[in-house]
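Pasted below: data39.txt, compact mmCIF, C-alpha atoms and all ligand atoms.
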# COMPACT_ATOMS: atom_id res chain seq x y z
CA MET A 1 16.13 -6.90 33.52
CA ALA A 2 14.33 -4.12 31.75
CA LYS A 3 11.10 -5.24 30.13
CA VAL A 4 8.70 -3.35 27.95
CA LYS A 5 4.99 -2.95 28.43
CA GLY A 6 2.70 -1.60 25.78
CA ALA A 7 -0.86 -0.49 25.32
CA VAL A 8 -2.94 0.44 22.30
CA VAL A 9 -5.93 2.69 21.79
CA VAL A 10 -8.28 1.68 18.97
CA ASP A 11 -10.46 4.29 17.29
CA LYS A 12 -13.60 2.25 17.77
CA GLU A 13 -15.70 4.24 15.28
CA GLY A 14 -12.98 4.21 12.57
CA CYS A 15 -12.39 0.46 12.84
CA LYS A 16 -13.81 -1.66 10.00
CA GLY A 17 -13.36 -4.98 11.77
CA CYS A 18 -11.02 -6.40 9.11
CA SER A 19 -9.07 -8.37 11.72
CA LEU A 20 -5.66 -7.72 10.13
CA CYS A 21 -4.39 -6.26 13.44
CA VAL A 22 -5.61 -9.34 15.32
CA GLU A 23 -3.59 -11.55 12.93
CA ALA A 24 -0.52 -9.30 13.09
CA CYS A 25 -0.22 -9.25 16.89
CA PRO A 26 2.54 -11.63 18.04
CA HIS A 27 1.08 -11.86 21.57
CA ASP A 28 -2.62 -12.44 20.91
CA VAL A 29 -3.51 -9.17 22.60
CA LEU A 30 -6.25 -8.11 20.21
CA ALA A 31 -9.64 -9.56 19.31
CA LEU A 32 -12.78 -8.33 17.63
CA HIS A 33 -15.41 -7.23 20.14
CA LYS A 34 -18.72 -9.06 20.19
CA GLU A 35 -20.42 -5.66 20.05
CA VAL A 36 -20.45 -3.51 16.93
CA ASN A 37 -19.77 0.19 16.32
CA SER A 38 -22.30 2.57 14.78
CA LYS A 39 -21.46 1.27 11.28
CA GLY A 40 -22.05 -2.33 12.30
CA TYR A 41 -18.42 -3.44 12.43
CA HIS A 42 -17.08 -5.66 15.21
CA TYR A 43 -14.26 -3.40 16.35
CA SER A 44 -10.82 -4.42 17.56
CA PHE A 45 -9.95 -4.14 21.26
CA MET A 46 -7.33 -5.35 23.76
CA GLU A 47 -8.66 -8.65 25.00
CA ASN A 48 -5.38 -9.47 26.80
CA PRO A 49 -3.92 -6.05 27.65
CA ASP A 50 -1.24 -7.49 29.96
CA GLU A 51 0.48 -9.19 27.03
CA CYS A 52 1.05 -6.06 24.91
CA ILE A 53 4.70 -5.13 24.27
CA GLY A 54 4.03 -2.01 22.19
CA CYS A 55 5.69 -3.47 19.05
CA ALA A 56 3.33 -1.49 16.79
CA ASN A 57 2.74 -4.38 14.36
CA CYS A 58 -1.01 -3.90 14.70
CA GLY A 59 -0.78 -0.20 13.91
CA VAL A 60 1.48 -0.75 10.89
CA VAL A 61 -0.92 -3.18 9.17
CA CYS A 62 -4.17 -1.33 9.90
CA PRO A 63 -5.40 0.06 6.55
CA ASP A 64 -7.57 2.62 8.30
CA THR A 65 -4.90 3.81 10.75
CA CYS A 66 -7.15 3.30 13.77
CA ILE A 67 -4.51 2.23 16.30
CA THR A 68 -2.34 4.47 18.48
CA ILE A 69 0.44 2.72 20.39
CA TYR A 70 2.28 3.45 23.62
CA ARG A 71 5.26 1.72 25.22
CA VAL A 72 7.23 2.03 28.47
CA LYS A 73 10.30 0.33 29.91
CA VAL A 74 9.70 -1.32 33.26
CA SER A 75 12.36 -2.81 35.51
CA MET B 1 0.84 -2.13 35.43
CA ASP B 2 -2.24 -0.01 34.94
CA ILE B 3 -2.72 0.83 31.27
CA ASN B 4 -3.37 4.45 32.16
CA GLU B 5 0.24 4.55 33.32
CA ILE B 6 1.30 3.50 29.82
CA ILE B 7 -1.12 5.58 27.74
CA LYS B 8 0.62 8.94 28.17
CA PRO B 9 1.93 11.32 25.50
CA GLU B 10 5.57 10.72 26.48
CA ASN B 11 5.17 6.98 25.77
CA LEU B 12 3.70 7.37 22.28
CA VAL B 13 5.41 5.13 19.69
CA TYR B 14 2.95 5.00 16.79
CA ASP B 15 0.31 7.46 15.71
CA LYS B 16 -1.56 8.59 12.60
CA SER B 17 0.52 10.82 10.31
CA ALA B 18 -0.53 14.47 10.21
CA VAL B 19 -0.41 14.22 6.38
CA LEU B 20 -3.36 11.79 6.47
CA ASN B 21 -6.56 13.74 6.96
CA ASP B 22 -9.56 12.56 8.98
CA ASP B 23 -11.77 11.48 6.06
CA VAL B 24 -12.90 7.86 6.43
CA MET B 25 -11.42 5.92 3.52
CA HIS B 26 -14.00 4.47 1.13
CA TYR B 27 -11.95 1.27 0.74
CA CYS B 28 -13.36 -2.10 1.77
CA PRO B 29 -12.25 -3.36 5.21
CA GLY B 30 -8.71 -4.77 4.99
CA CYS B 31 -7.88 -3.30 1.56
CA THR B 32 -4.16 -2.88 0.81
CA HIS B 33 -4.73 0.60 -0.66
CA GLY B 34 -5.17 1.99 2.88
CA VAL B 35 -1.84 0.60 4.09
CA VAL B 36 0.06 2.04 1.12
CA HIS B 37 -1.64 5.45 1.47
CA LYS B 38 -0.70 5.52 5.13
CA ILE B 39 2.96 4.70 4.41
CA MET B 40 3.17 7.40 1.75
CA ALA B 41 1.65 9.96 4.15
CA GLU B 42 4.20 8.98 6.83
CA LEU B 43 7.13 9.35 4.41
CA ILE B 44 5.90 12.68 3.03
CA GLU B 45 5.69 13.93 6.61
CA GLU B 46 9.02 12.47 7.76
CA MET B 47 10.88 13.73 4.67
CA GLY B 48 9.29 17.20 4.94
CA LEU B 49 7.71 17.03 1.47
CA GLN B 50 4.09 18.01 2.12
CA GLU B 51 4.43 21.37 0.37
CA LYS B 52 6.25 20.06 -2.70
CA THR B 53 4.54 16.74 -3.42
CA VAL B 54 2.11 16.31 -6.33
CA GLY B 55 0.27 12.98 -6.53
CA ILE B 56 -1.38 11.79 -9.74
CA ALA B 57 -4.48 9.73 -8.89
CA PRO B 58 -5.60 6.89 -11.17
CA VAL B 59 -8.91 5.51 -12.30
CA GLY B 60 -9.61 2.47 -10.15
CA CYS B 61 -10.44 2.09 -6.48
CA ALA B 62 -7.72 4.62 -5.62
CA VAL B 63 -9.45 7.32 -7.69
CA PHE B 64 -10.25 9.13 -4.45
CA ALA B 65 -6.69 9.01 -3.08
CA TYR B 66 -6.78 12.81 -3.19
CA ASN B 67 -9.38 12.78 -0.43
CA TYR B 68 -7.01 11.21 2.09
CA ILE B 69 -3.40 12.32 1.68
CA ASP B 70 -3.15 16.05 2.33
CA ILE B 71 -0.95 17.15 -0.59
CA ASP B 72 -1.58 18.55 -4.08
CA TRP B 73 -3.17 16.09 -6.49
CA GLN B 74 -4.24 15.84 -10.10
CA GLU B 75 -6.66 13.16 -11.25
CA ALA B 76 -5.78 11.54 -14.59
CA ALA B 77 -7.85 9.70 -17.21
CA HIS B 78 -7.66 5.90 -16.98
CA GLY B 79 -4.05 4.74 -17.47
CA ARG B 80 -2.77 8.21 -18.29
CA ALA B 81 -1.22 9.10 -14.91
CA PRO B 82 2.37 8.73 -16.23
CA ALA B 83 1.62 11.19 -19.05
CA VAL B 84 0.12 13.72 -16.63
CA ALA B 85 3.05 13.16 -14.23
CA THR B 86 5.45 13.83 -17.11
CA GLY B 87 3.89 17.22 -17.69
CA VAL B 88 3.84 18.18 -14.01
CA ALA B 89 7.40 16.97 -13.35
CA ARG B 90 8.81 18.74 -16.41
CA LEU B 91 7.06 22.03 -15.66
CA HIS B 92 7.78 21.87 -11.93
CA PRO B 93 11.18 20.19 -11.60
CA ASP B 94 11.46 21.22 -7.96
CA ASN B 95 8.34 19.30 -6.99
CA PHE B 96 8.22 15.62 -6.05
CA VAL B 97 5.76 13.92 -8.41
CA PHE B 98 4.39 10.41 -8.09
CA THR B 99 1.69 8.33 -9.75
CA TYR B 100 -0.43 5.82 -7.87
CA GLN B 101 -1.92 3.18 -10.19
CA GLY B 102 -3.70 -0.17 -10.10
CA ASP B 103 -2.92 -3.10 -12.37
CA GLY B 104 -5.88 -2.40 -14.65
CA ASP B 105 -4.83 1.23 -14.91
CA LEU B 106 -1.10 0.62 -15.37
CA ALA B 107 -0.80 -2.78 -17.07
CA SER B 108 -3.91 -2.74 -19.26
CA ILE B 109 -5.32 0.51 -20.63
CA GLY B 110 -2.20 2.47 -19.61
CA THR B 111 0.53 0.12 -20.89
CA ALA B 112 1.77 2.54 -23.52
CA GLU B 113 1.99 5.49 -21.12
CA ILE B 114 3.90 3.62 -18.43
CA MET B 115 6.35 2.05 -20.86
CA HIS B 116 7.22 5.31 -22.54
CA ALA B 117 7.37 7.37 -19.35
CA CYS B 118 9.77 4.81 -17.85
CA ASN B 119 11.72 4.59 -21.10
CA ARG B 120 12.12 8.37 -21.14
CA GLY B 121 13.27 8.18 -17.55
CA GLU B 122 10.82 10.80 -16.33
CA ASN B 123 11.83 11.98 -12.90
CA ILE B 124 8.85 10.49 -11.06
CA LEU B 125 7.93 7.70 -8.64
CA VAL B 126 5.40 5.14 -9.85
CA ILE B 127 3.49 3.15 -7.21
CA PHE B 128 1.90 0.09 -8.81
CA ILE B 129 -0.79 -1.72 -6.80
CA ASN B 130 -1.01 -5.24 -8.21
CA ASN B 131 -4.07 -6.94 -6.76
CA GLY B 132 -4.56 -9.18 -9.80
CA ILE B 133 -8.00 -7.82 -10.63
CA TYR B 134 -10.10 -4.80 -11.57
CA GLY B 135 -11.31 -4.05 -8.04
CA MET B 136 -13.40 -0.96 -8.70
CA THR B 137 -15.59 -2.28 -11.48
CA GLY B 138 -16.55 -5.60 -9.92
CA GLY B 139 -13.60 -7.96 -10.08
CA GLN B 140 -12.93 -8.49 -13.79
CA MET B 141 -9.76 -10.18 -15.06
CA ALA B 142 -6.69 -7.93 -15.27
CA PRO B 143 -3.48 -8.60 -17.24
CA THR B 144 -1.96 -9.64 -13.91
CA THR B 145 -4.68 -12.19 -12.99
CA LEU B 146 -3.06 -15.55 -12.26
CA GLU B 147 -3.59 -18.60 -14.46
CA GLY B 148 -6.68 -20.44 -13.23
CA MET B 149 -7.80 -17.52 -11.06
CA VAL B 150 -11.56 -17.05 -10.96
CA THR B 151 -12.83 -13.54 -11.70
CA SER B 152 -16.19 -12.20 -12.86
CA THR B 153 -15.01 -12.37 -16.50
CA THR B 154 -13.16 -15.70 -16.10
CA PRO B 155 -15.73 -17.69 -14.10
CA ASN B 156 -13.90 -20.94 -14.89
CA GLY B 157 -10.51 -19.48 -14.12
CA ARG B 158 -8.08 -17.62 -16.40
CA ASN B 159 -7.34 -19.78 -19.43
CA VAL B 160 -3.98 -18.75 -20.89
CA ASP B 161 -4.88 -20.10 -24.35
CA LEU B 162 -7.83 -17.76 -24.44
CA ASN B 163 -6.74 -14.88 -22.19
CA GLY B 164 -2.94 -14.80 -22.44
CA TYR B 165 -0.46 -15.08 -19.61
CA PRO B 166 -0.32 -13.11 -16.36
CA MET B 167 1.91 -10.18 -17.17
CA LYS B 168 4.99 -9.45 -15.05
CA ILE B 169 5.08 -5.86 -16.18
CA THR B 170 7.55 -4.80 -13.48
CA ASN B 171 10.15 -7.17 -14.98
CA LEU B 172 9.63 -5.47 -18.35
CA ILE B 173 9.96 -2.02 -16.77
CA ALA B 174 13.27 -3.06 -15.17
CA GLN B 175 14.69 -3.57 -18.69
CA LEU B 176 14.21 0.09 -19.56
CA PRO B 177 17.30 2.27 -19.16
CA GLY B 178 15.20 5.23 -17.97
CA THR B 179 14.46 3.50 -14.68
CA SER B 180 16.95 3.58 -11.81
CA TYR B 181 15.17 1.67 -9.05
CA VAL B 182 12.63 -1.08 -9.71
CA THR B 183 11.35 -3.25 -6.89
CA ARG B 184 8.45 -5.52 -5.95
CA GLN B 185 7.22 -5.34 -2.38
CA ALA B 186 4.09 -6.21 -0.35
CA ALA B 187 2.17 -4.88 2.66
CA HIS B 188 0.39 -7.93 4.07
CA THR B 189 2.44 -8.26 7.27
CA ALA B 190 4.06 -5.70 9.56
CA ASN B 191 7.50 -6.78 8.30
CA ALA B 192 6.47 -6.48 4.65
CA ALA B 193 4.94 -3.06 5.29
CA ARG B 194 8.11 -1.86 7.04
CA LYS B 195 10.22 -3.10 4.10
CA LEU B 196 7.87 -1.41 1.67
CA LYS B 197 8.33 1.82 3.58
CA ARG B 198 12.13 1.55 3.25
CA SER B 199 11.78 0.91 -0.50
CA LEU B 200 9.44 3.85 -0.98
CA LYS B 201 11.79 6.09 0.99
CA LYS B 202 14.67 5.13 -1.27
CA ALA B 203 12.49 5.63 -4.36
CA ILE B 204 11.43 9.10 -3.20
CA GLN B 205 15.05 10.03 -2.49
CA ASN B 206 15.99 8.90 -6.02
CA VAL B 207 13.38 11.25 -7.47
CA LEU B 208 14.63 14.11 -5.30
CA ASP B 209 18.15 13.30 -6.58
CA LYS B 210 16.85 13.37 -10.20
CA LYS B 211 17.86 9.81 -10.94
CA GLY B 212 15.02 9.08 -13.39
CA THR B 213 12.03 6.84 -12.84
CA SER B 214 11.64 4.76 -9.68
CA PHE B 215 9.03 2.03 -9.83
CA VAL B 216 7.61 0.26 -6.77
CA GLU B 217 5.15 -2.60 -7.27
CA VAL B 218 3.12 -3.62 -4.24
CA VAL B 219 1.67 -7.13 -4.49
CA SER B 220 -1.74 -6.50 -2.94
CA THR B 221 -5.10 -8.02 -2.17
CA CYS B 222 -8.61 -7.15 -3.27
CA ASN B 223 -10.55 -9.18 -0.77
CA SER B 224 -13.93 -8.04 -2.14
CA GLY B 225 -13.05 -8.92 -5.73
CA TRP B 226 -11.44 -12.17 -4.66
CA LYS B 227 -14.53 -12.91 -2.52
CA MET B 228 -12.56 -13.73 0.62
CA THR B 229 -12.16 -12.27 4.08
CA PRO B 230 -9.19 -9.87 4.41
CA VAL B 231 -7.19 -12.44 6.39
CA ALA B 232 -7.96 -15.24 3.89
CA ALA B 233 -7.01 -12.89 1.04
CA ASN B 234 -3.60 -12.22 2.63
CA ASN B 235 -3.06 -15.97 2.97
CA TRP B 236 -4.16 -16.61 -0.61
CA MET B 237 -1.83 -13.88 -1.81
CA THR B 238 1.10 -15.43 0.07
CA GLU B 239 0.40 -18.89 -1.32
CA ASN B 240 -0.47 -17.95 -4.91
CA MET B 241 0.63 -14.44 -5.86
CA LEU B 242 4.07 -14.36 -4.24
CA PRO B 243 5.45 -17.48 -6.00
CA TYR B 244 4.56 -15.89 -9.38
CA TYR B 245 5.40 -12.33 -8.33
CA PRO B 246 8.39 -12.83 -6.03
CA LEU B 247 9.41 -9.91 -3.80
CA GLY B 248 12.70 -8.07 -4.04
CA ASP B 249 14.68 -5.47 -5.97
CA MET B 250 14.92 -6.01 -9.72
CA LYS B 251 17.13 -3.05 -10.44
CA ASP B 252 19.06 -0.56 -8.35
CA SER B 253 21.39 1.47 -10.52
CA GLU B 254 21.92 4.79 -12.24
CA LYS B 255 19.65 6.03 -14.99
CA GLY B 256 21.02 4.96 -18.38
CA GLU B 257 22.26 1.60 -17.18
CA HIS B 258 20.67 -1.57 -18.42
CA SER B 259 19.30 -4.09 -15.97
CA GLU B 260 21.10 -7.37 -15.41
CA ASN B 261 17.93 -9.46 -15.65
C1 LIG C 1 -11.54 4.90 -20.34
C2 LIG C 1 -12.12 4.02 -19.30
N1 LIG C 1 -12.28 2.71 -19.52
C3 LIG C 1 -12.79 1.91 -18.57
C4 LIG C 1 -13.15 2.41 -17.36
C5 LIG C 1 -13.76 1.50 -16.32
N2 LIG C 1 -12.81 1.20 -15.24
C6 LIG C 1 -12.82 1.89 -14.08
S1 LIG C 1 -11.70 1.35 -13.00
C7 LIG C 1 -11.20 0.11 -14.05
C8 LIG C 1 -10.14 -0.88 -13.66
C9 LIG C 1 -9.55 -0.64 -12.33
O1 LIG C 1 -8.69 -1.67 -11.98
P1 LIG C 1 -7.30 -1.40 -11.31
O2 LIG C 1 -6.56 -0.35 -12.06
O3 LIG C 1 -6.62 -2.71 -11.16
O4 LIG C 1 -7.65 -0.75 -9.91
P2 LIG C 1 -8.22 -1.41 -8.56
O5 LIG C 1 -9.63 -0.96 -8.48
O6 LIG C 1 -8.07 -2.90 -8.67
O7 LIG C 1 -7.36 -0.83 -7.49
C10 LIG C 1 -11.92 0.17 -15.24
C11 LIG C 1 -11.73 -0.78 -16.36
C12 LIG C 1 -13.00 3.80 -17.15
N3 LIG C 1 -13.30 4.37 -15.97
N4 LIG C 1 -12.46 4.57 -18.11
S1 LIG C 2 1.52 -3.25 19.94
FE1 LIG C 2 2.25 -5.31 19.37
S2 LIG C 2 1.79 -6.56 21.17
FE2 LIG C 2 0.58 -4.67 21.40
S3 LIG C 2 -1.43 -5.16 20.50
FE3 LIG C 2 -0.18 -4.25 18.87
S4 LIG C 2 0.76 -6.00 17.84
FE4 LIG C 2 0.01 -6.75 19.82
S1 LIG C 3 -6.70 -3.49 11.36
FE1 LIG C 3 -7.68 -1.54 11.87
S2 LIG C 3 -9.67 -1.59 10.82
FE2 LIG C 3 -8.88 -3.69 10.84
S3 LIG C 3 -9.78 -4.60 12.71
FE3 LIG C 3 -7.79 -3.79 13.30
S4 LIG C 3 -8.18 -1.69 14.03
FE4 LIG C 3 -10.00 -2.38 12.90
S1 LIG C 4 -12.86 -3.53 -4.33
FE1 LIG C 4 -10.87 -4.44 -3.83
S2 LIG C 4 -9.31 -2.87 -4.34
FE2 LIG C 4 -11.33 -1.87 -4.23
S3 LIG C 4 -11.50 -1.09 -2.11
FE3 LIG C 4 -12.48 -3.10 -2.17
S4 LIG C 4 -10.84 -4.54 -1.60
FE4 LIG C 4 -9.85 -2.61 -2.17
MG MG C 5 -6.41 -3.92 -9.52

Would you encode the structure as structure tokens?
Amino acid sequence: MAKVKGAVVVDKEGCKGCSLCVEACPHDVLALHKEVNSKGYHYSFMENPDECIGCANCGVVCPDTCITIYRVKVS
Amino acid sequence: MDINEIIKPENLVYDKSAVLNDDVMHYCPGCTHGVVHKIMAELIEEMGLQEKTVGIAPVGCAVFAYNYIDIDWQEAAHGRAPAVATGVARLHPDNFVFTYQGDGDLASIGTAEIMHACNRGENILVIFINNGIYGMTGGQMAPTTLEGMVTSTTPNGRNVDLNGYPMKITNLIAQLPGTSYVTRQAAHTANAARKLKRSLKKAIQNVLDKKGTSFVEVVSTCNSGWKMTPVAANNWMTENMLPYYPLGDMKDSEKGEHSEN
């Protein structure tokens, strides 16, 4: 059965740490990093990258458009 | 699977619109304005309208909208965006003209302008960001503030005997025959944002088809003004704003027809 795998790239410096992407992810892929970016925001990152399905929910809700999303079919 | 196998140009499914420029938005973290700007930029790109779109920016937190969406803009005095849009749309009928206004701008100081522009059926799109508060100036009560809601000017909560009732201005707009499409949407979840995008696409198409005024309310948050985290503000909005401002189309008809409701 064909499955999908996804991955996201977060613009670490653009992220404002609002956490809306973390809430929007149906697979608990994202979390806020314990480190901060140069503006002092805890930025979003893939804590559980294996779980990402590339659904783009995180990207759609990000007010600062910091997330780029990729998806592949795997068999 | 190694993520470098996935992160390749041919696998790209979601990326920043080329109509959004690289300026960092001044909005607070988690502010709904950013999501709505992004959706408009995507639609302007997808519908090939970058060269013919004129946005009218409000007074309010979105006053700097012209810094982010790479189209032509005109800033208007507080509440007067529909009057400016009228002039631009009448002089340039081949352009796509929209206003972008907060609830203080549209439902308070600008009530006369929005009512008459919609009543005349000006061929424009109105985007109405209802976050229940004056965000920009420090969280004062707006006409849309809910009963009992605490703001900097209603520290004990909005008292309807003193302050009047929260105004459902979109329902009033739907009564006006000049409007063809009137809807209330949100952007707090991925599903809501995708639905909002479909509504805005339809509204833009109506303007291109010269169907009169299309009006899209977005029930929004102002987490700074509400003094909550962005996630808590979304939850508060779902529990309190959406029952009073329910989502859905209020009118979808031809200009000149009266609304059912
Ligand atoms: C003529 C005039 N009166 C008052 C103001 C002060 N003022 C600036 S923004 C604003 C309200 C903004 O609220 P809203 O339209 O809801 O926008 P938000 O910031 O919430 O997005 C007010 C009263 C002004 N700039 N001009
Ligand atoms: S693409 Fe979907 S699954 Fe992947 S991180 Fe974003 S929301 Fe989660
Ligand atoms: S939604 Fe965007 S700005 Fe907010 S935490 Fe996620 S990546 Fe950062
Ligand atoms: S004050 Fe409110 S409306 Fe203004 S940018 Fe901040 S969260 Fe958004
Ligand atoms: Mg407001």

Exercise. Determine, counting only C-alpha atoms, which protein, DNA and RNA residues have an atom within 9 Å of an atom of range 6-9 of chain B; residues of the same chain fewer than 5 positions away are not included. Present the result as a PyMOL selection string.
Key: (chain A and resi 5-9+69-72) or (chain B and resi 1)

Practice problem: Just need the residues of chain A within 9 Å of chain B, counting only C-alpha atoms, so spit them out as number ranges by chain. | Solution: A: 5-9, 14-20, 23-24, 49-50, 54-72

Extract, using all atoms listed in the file, all DNA, RNA and protein residues at most 9 Å from Ala107 in chain B, discarding same-chain residues fewer than 3 positions from it, and format them as a PDB file with C-alpha atoms, in the coordinates of the input.
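Full text of out-v7.pdb as output:
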ATOM      1  CA  GLY B  79      -4.050   4.740 -17.470  1.00  0.00           C
ATOM      2  CA  GLY B 102      -3.700  -0.170 -10.100  1.00  0.00           C
ATOM      3  CA  ASP B 103      -2.920  -3.100 -12.370  1.00  0.00           C
ATOM      4  CA  GLY B 104      -5.880  -2.400 -14.650  1.00  0.00           C
ATOM      5  CA  GLY B 110      -2.200   2.470 -19.610  1.00  0.00           C
ATOM      6  CA  THR B 111       0.530   0.120 -20.890  1.00  0.00           C
ATOM      7  CA  ALA B 112       1.770   2.540 -23.520  1.00  0.00           C
ATOM      8  CA  ILE B 114       3.900   3.620 -18.430  1.00  0.00           C
ATOM      9  CA  ALA B 142      -6.690  -7.930 -15.270  1.00  0.00           C
ATOM     10  CA  PRO B 143      -3.480  -8.600 -17.240  1.00  0.00           C
ATOM     11  CA  THR B 144      -1.960  -9.640 -13.910  1.00  0.00           C
ATOM     12  CA  MET B 167       1.910 -10.180 -17.170  1.00  0.00           C
ATOM     13  CA  ILE B 169       5.080  -5.860 -16.180  1.00  0.00           C
TER      14      ILE B 169
END

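We find CA of Glu75 in chain B and CA of Asn131 in chain B to be spaced 20.8 Å apart.
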
Taking all atoms of ligand LIG 2 (chain C) that appear in the file, build a box with edges along x, y and z, extend it by 5 Å on every side, and state its centre and edge lengths in Å to one decimal, as AutoDock Vina command-line options.
--center_x 0.4 --center_y -5.0 --center_z 19.6 --size_x 13.7 --size_y 13.5 --size_z 13.6

Exercise. Name all residues at most 7 Å from Gly248 in chain B (count all atoms listed in the file; drop same-chain ones fewer than 4 positions away) and give them as a PyMOL selection string.
Key: chain B and resi 183-185

Practice problem: Please extract the residues at most 7 Å from ligand LIG 1 (chain C), counting all atoms listed in the file, and provide them as a count of residues only, using the chain letters and residue numbers of this document. | Solution: 23

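Residues surrounding Asp209 in chain B within 12 Å are Pro93, Asp94, Asn95, Phe96, Asn123, Ile124, Leu125, Ser180, Lys202, Ala203, Ile204, Gln205, Thr213, Ser214, Glu254 and Lys255 of chain B [all atoms listed in the file; sequence separation below 4 positions excluded].
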
For those residues, write C-alpha atoms to a file as an mmCIF file, keeping the file's coordinate frame.
data_model
loop_
_atom_site.group_PDB
_atom_site.id
_atom_site.type_symbol
_atom_site.label_atom_id
_atom_site.label_comp_id
_atom_site.auth_asym_id
_atom_site.auth_seq_id
_atom_site.Cartn_x
_atom_site.Cartn_y
_atom_site.Cartn_z
ATOM 1 C CA PRO B 93 11.180 20.190 -11.600
ATOM 2 C CA ASP B 94 11.460 21.220 -7.960
ATOM 3 C CA ASN B 95 8.340 19.300 -6.990
ATOM 4 C CA PHE B 96 8.220 15.620 -6.050
ATOM 5 C CA ASN B 123 11.830 11.980 -12.900
ATOM 6 C CA ILE B 124 8.850 10.490 -11.060
ATOM 7 C CA LEU B 125 7.930 7.700 -8.640
ATOM 8 C CA SER B 180 16.950 3.580 -11.810
ATOM 9 C CA LYS B 202 14.670 5.130 -1.270
ATOM 10 C CA ALA B 203 12.490 5.630 -4.360
ATOM 11 C CA ILE B 204 11.430 9.100 -3.200
ATOM 12 C CA GLN B 205 15.050 10.030 -2.490
ATOM 13 C CA THR B 213 12.030 6.840 -12.840
ATOM 14 C CA SER B 214 11.640 4.760 -9.680
ATOM 15 C CA GLU B 254 21.920 4.790 -12.240
ATOM 16 C CA LYS B 255 19.650 6.030 -14.990
#

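When CA of Glu122 in chain B is paired with CA of Lys168 in chain B, their separation reads 21.1 Å.
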
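Interatomic distance, CA of Lys195 in chain B against CA of Glu217 in chain B: 12.5 Å.
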
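Close contacts of His33 in chain A, defined as residues with an atom at most 10 Å away when counting all atoms listed in the file, with chain neighbours fewer than 4 positions off set aside, comprise Lys12, Gly17, Asn37, Tyr41, His42, Tyr43, Ser44, Phe45, Met46 and Glu47 of chain A.
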
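Among the candidates B:Val88, B:Val63, B:Glu45, B:Pro246, the one nearest to ligand MG 5 (chain C) when counting only C-alpha atoms and all ligand atoms is B:Val63.
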
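Taking all atoms listed in the file into account, ligand LIG 4 (chain C) lies nearest to B:Gln140 out of the set B:Ser253, B:Thr154, B:Gln140, B:Thr53.
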
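Nearest residue to Ile173 in chain B, choosing from B:Met250, B:Met141, B:Leu242, B:Ile109 and counting all atoms listed in the file: B:Met250.
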